[in-house]
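J.: Have a look at the structure that comes next, please.
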Amino acid sequence: MTISRKAYPSWFRRFKQWRPQPLFSWPTQCHVCATWCHDILCDSCALQHQPHDPACRACALDSLQPICANCLSSPPIWQACASAVSYVEPWRSLIIGFKFNEQAGLAAFFAKLMLANDHLQALVSTSTHLIPVPLSAKRQRQRGFNQASLLARHLARHKCIDQGLLRVTDTASQASLSREKRQANLTHAFAVHPAHRPHFIGKHLTLVDDVMTTGSTLHACALALLQAGAAKVDCVTLARAQSVPHADSL
Ligand SMILES: [Zn+2]
Ligand SMILES: [Zn+2]
């Protein structure tokens with residue numbers, strides 16, 4: 001919990017974050033081509049599926065301009081947004097495995113991928129706190145973990161506030177809804193945890209999520225943080241859907 005964390009001296013926080021590096025790692029199979037290697041993807045697949053073309057710095061959609069035409073005419077509620085990869089194969093299958101097949105161990109690999117993106121890394125390093133997009137209590141109980149929290153902890157454990165935002169209503173599946181209906185569905189779905197509210201006033205907060213589709217969830221979360229007094233909100237996600245998803249998407 002961040003409130004008590006502030007009482008610890010910095011050397012103690014660094015000590016708590018330290019993990020011994022293994023001297024030897026067992027070989028594993030590449031999640032894409034099944035050759036033996038020492039990471040989630042072999043070198044060849046990692047090269048072949050390089051993240052992400054130049055992207056708009058406000059919505060993370062592919063764009064040759066720093067800010068795309070859509071964001072110039074209708075800026076999002078947050079200041080900046082960055083994603084590591086597009087929500088396409090092989091990332092889509094890996095993320096589904098991460099969320100639904102209890103492969104929580106992929107979080108460290110995904111966080112490394114995210115921090116390899118310079119813009120995303122800058123947003124993480126300049127923000128005061130990382131706020132994971134919360135799941136409803138029911139969904140978190142079913143899944144056993146919140147994938148956004150796992151990512152945030154691996155991005156910067158000392159900045160992560162797991163319960164900074166709460167999901168106060170359990171919305172129906174968003175997958176088949178239009179952007180407008182998603183936003184209406186999510187109105188008042190998120191609230192700032194009362195214990196953390198004083199720590200957010202005037203701060204630079206960065207929302208963390210696994211996949212950004214239409215951006216409606218991040219919009220509702222950012223709105224809650226800004227209404228609580230945050231000076232600035234940014235968003236970072238592992239993947240960015242380049243088009244409105246079909247009903248089978250997340
Ligand atoms: Zn491979
Ligand atoms: Zn944009």
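Residue names in the structure tokens use chain letters A, B, ... in the order shown, residue numbers from 1 in each chain, and ligand numbers from 1 in the order shown.
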Using only C-alpha atoms and all ligand atoms, which residues of the polymer chains come no farther than 12 Å from ligand 1? I'd like the answer as a ChimeraX atom specification.
T.: /A:28-49,90
J.: Could those selected residues go to a file with C-alpha atoms, as a short mmCIF file (atom, residue, chain, number, x, y, z; two decimals), in the first residue's frame?
T.:
data_model
loop_
_atom_site.label_atom_id
_atom_site.label_comp_id
_atom_site.auth_asym_id
_atom_site.auth_seq_id
_atom_site.Cartn_x
_atom_site.Cartn_y
_atom_site.Cartn_z
CA THR A 28 11.79 -23.23 -22.93
CA GLN A 29 9.86 -23.33 -26.19
CA CYS A 30 9.10 -20.19 -28.20
CA HIS A 31 5.39 -19.44 -27.83
CA VAL A 32 5.11 -18.85 -31.58
CA CYS A 33 7.31 -21.33 -33.46
CA ALA A 34 8.05 -23.82 -30.65
CA THR A 35 11.81 -23.84 -31.16
CA TRP A 36 13.87 -24.15 -28.00
CA CYS A 37 15.06 -20.82 -26.60
CA HIS A 38 15.47 -18.92 -23.32
CA ASP A 39 12.58 -16.48 -23.52
CA ILE A 40 8.90 -16.29 -24.42
CA LEU A 41 9.80 -15.67 -28.07
CA CYS A 42 12.93 -16.90 -29.86
CA ASP A 43 15.23 -14.25 -31.37
CA SER A 44 13.88 -14.86 -34.85
CA CYS A 45 10.21 -14.45 -33.84
CA ALA A 46 11.04 -11.44 -31.68
CA LEU A 47 12.65 -9.80 -34.73
CA GLN A 48 9.83 -10.79 -37.05
CA HIS A 49 7.14 -9.39 -34.74
CA PRO A 90 1.11 -13.37 -32.04
#
J.: Using only C-alpha atoms and all ligand atoms, what are the residues with an atom within 12 Å of ligand 2, set out as number ranges by chain?
T.: A: 54-82, 214-215, 240, 242
J.: Mind listing the strand (DSSP E) residues of range 193-234 of chain A, per DSSP on the backbone, as an MDAnalysis selection string?
T.: chainID A and resid 204:212 232:234
J.: Closest to Lys232 in chain A among A:Phe109, A:Gln50, A:His129, A:Ile95, using only C-alpha atoms?
T.: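 For Lys232 in chain A, the nearest of the given residues is A:His129.
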J.: Please indicate the distance in Å from CA of Leu165 in chain A to CA of Pro132 in chain A, rounded to one decimal place.
T.: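 According to the coordinates, CA of Leu165 in chain A and CA of Pro132 in chain A are separated by 7.5 Å.
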J.: Report the distance between CA of Ile161 in chain A and CA of Val85 in chain A in Å, rounded to one decimal place.
T.: 24.1 Å
J.: Have a look at CA of Ala107 in chain A and CA of Cys235 in chain A and let me know their distance in Å, one decimal.
T.: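 Value for the CA of Ala107 in chain A-CA of Cys235 in chain A distance: 17.6 Å.
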J.: If you run DSSP on the backbone, which residues of range 29-147 of chain A are helix (DSSP H, G or I), as a PyMOL selection string?
T.: chain A and resi 43-48+69-73+91-100+104-115+118-126+137-143+147
J.: Between A:Leu166, A:Cys160, A:Val133, A:Leu225, single out the one closest to Met212 in chain A, counting only C-alpha atoms.
T.: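 So, comparing all the options, the nearest one is A:Val133.
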J.: Calculated over only C-alpha atoms, which of the candidates A:Ala104, A:Met114, A:Ala189, A:Leu135 has the smallest distance to Thr237 in chain A?
T.: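 Looking only at the distances to Thr237 in chain A, the closest residue turns out to be A:Met114.
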J.: Of the residues A:Lys203, A:Arg197, A:His154, A:Lys99, which is the one nearest to Leu113 in chain A, using only C-alpha atoms?
T.: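 Result for the nearest residue to Leu113 in chain A: A:His154.
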J.: For Gln142 in chain A, which residue out of A:Asp162, A:Glu102, A:Asp118, A:Asp234 is the nearest one, using only C-alpha atoms?
T.: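 That would be A:Glu102, the residue with the smallest distance to Gln142 in chain A.
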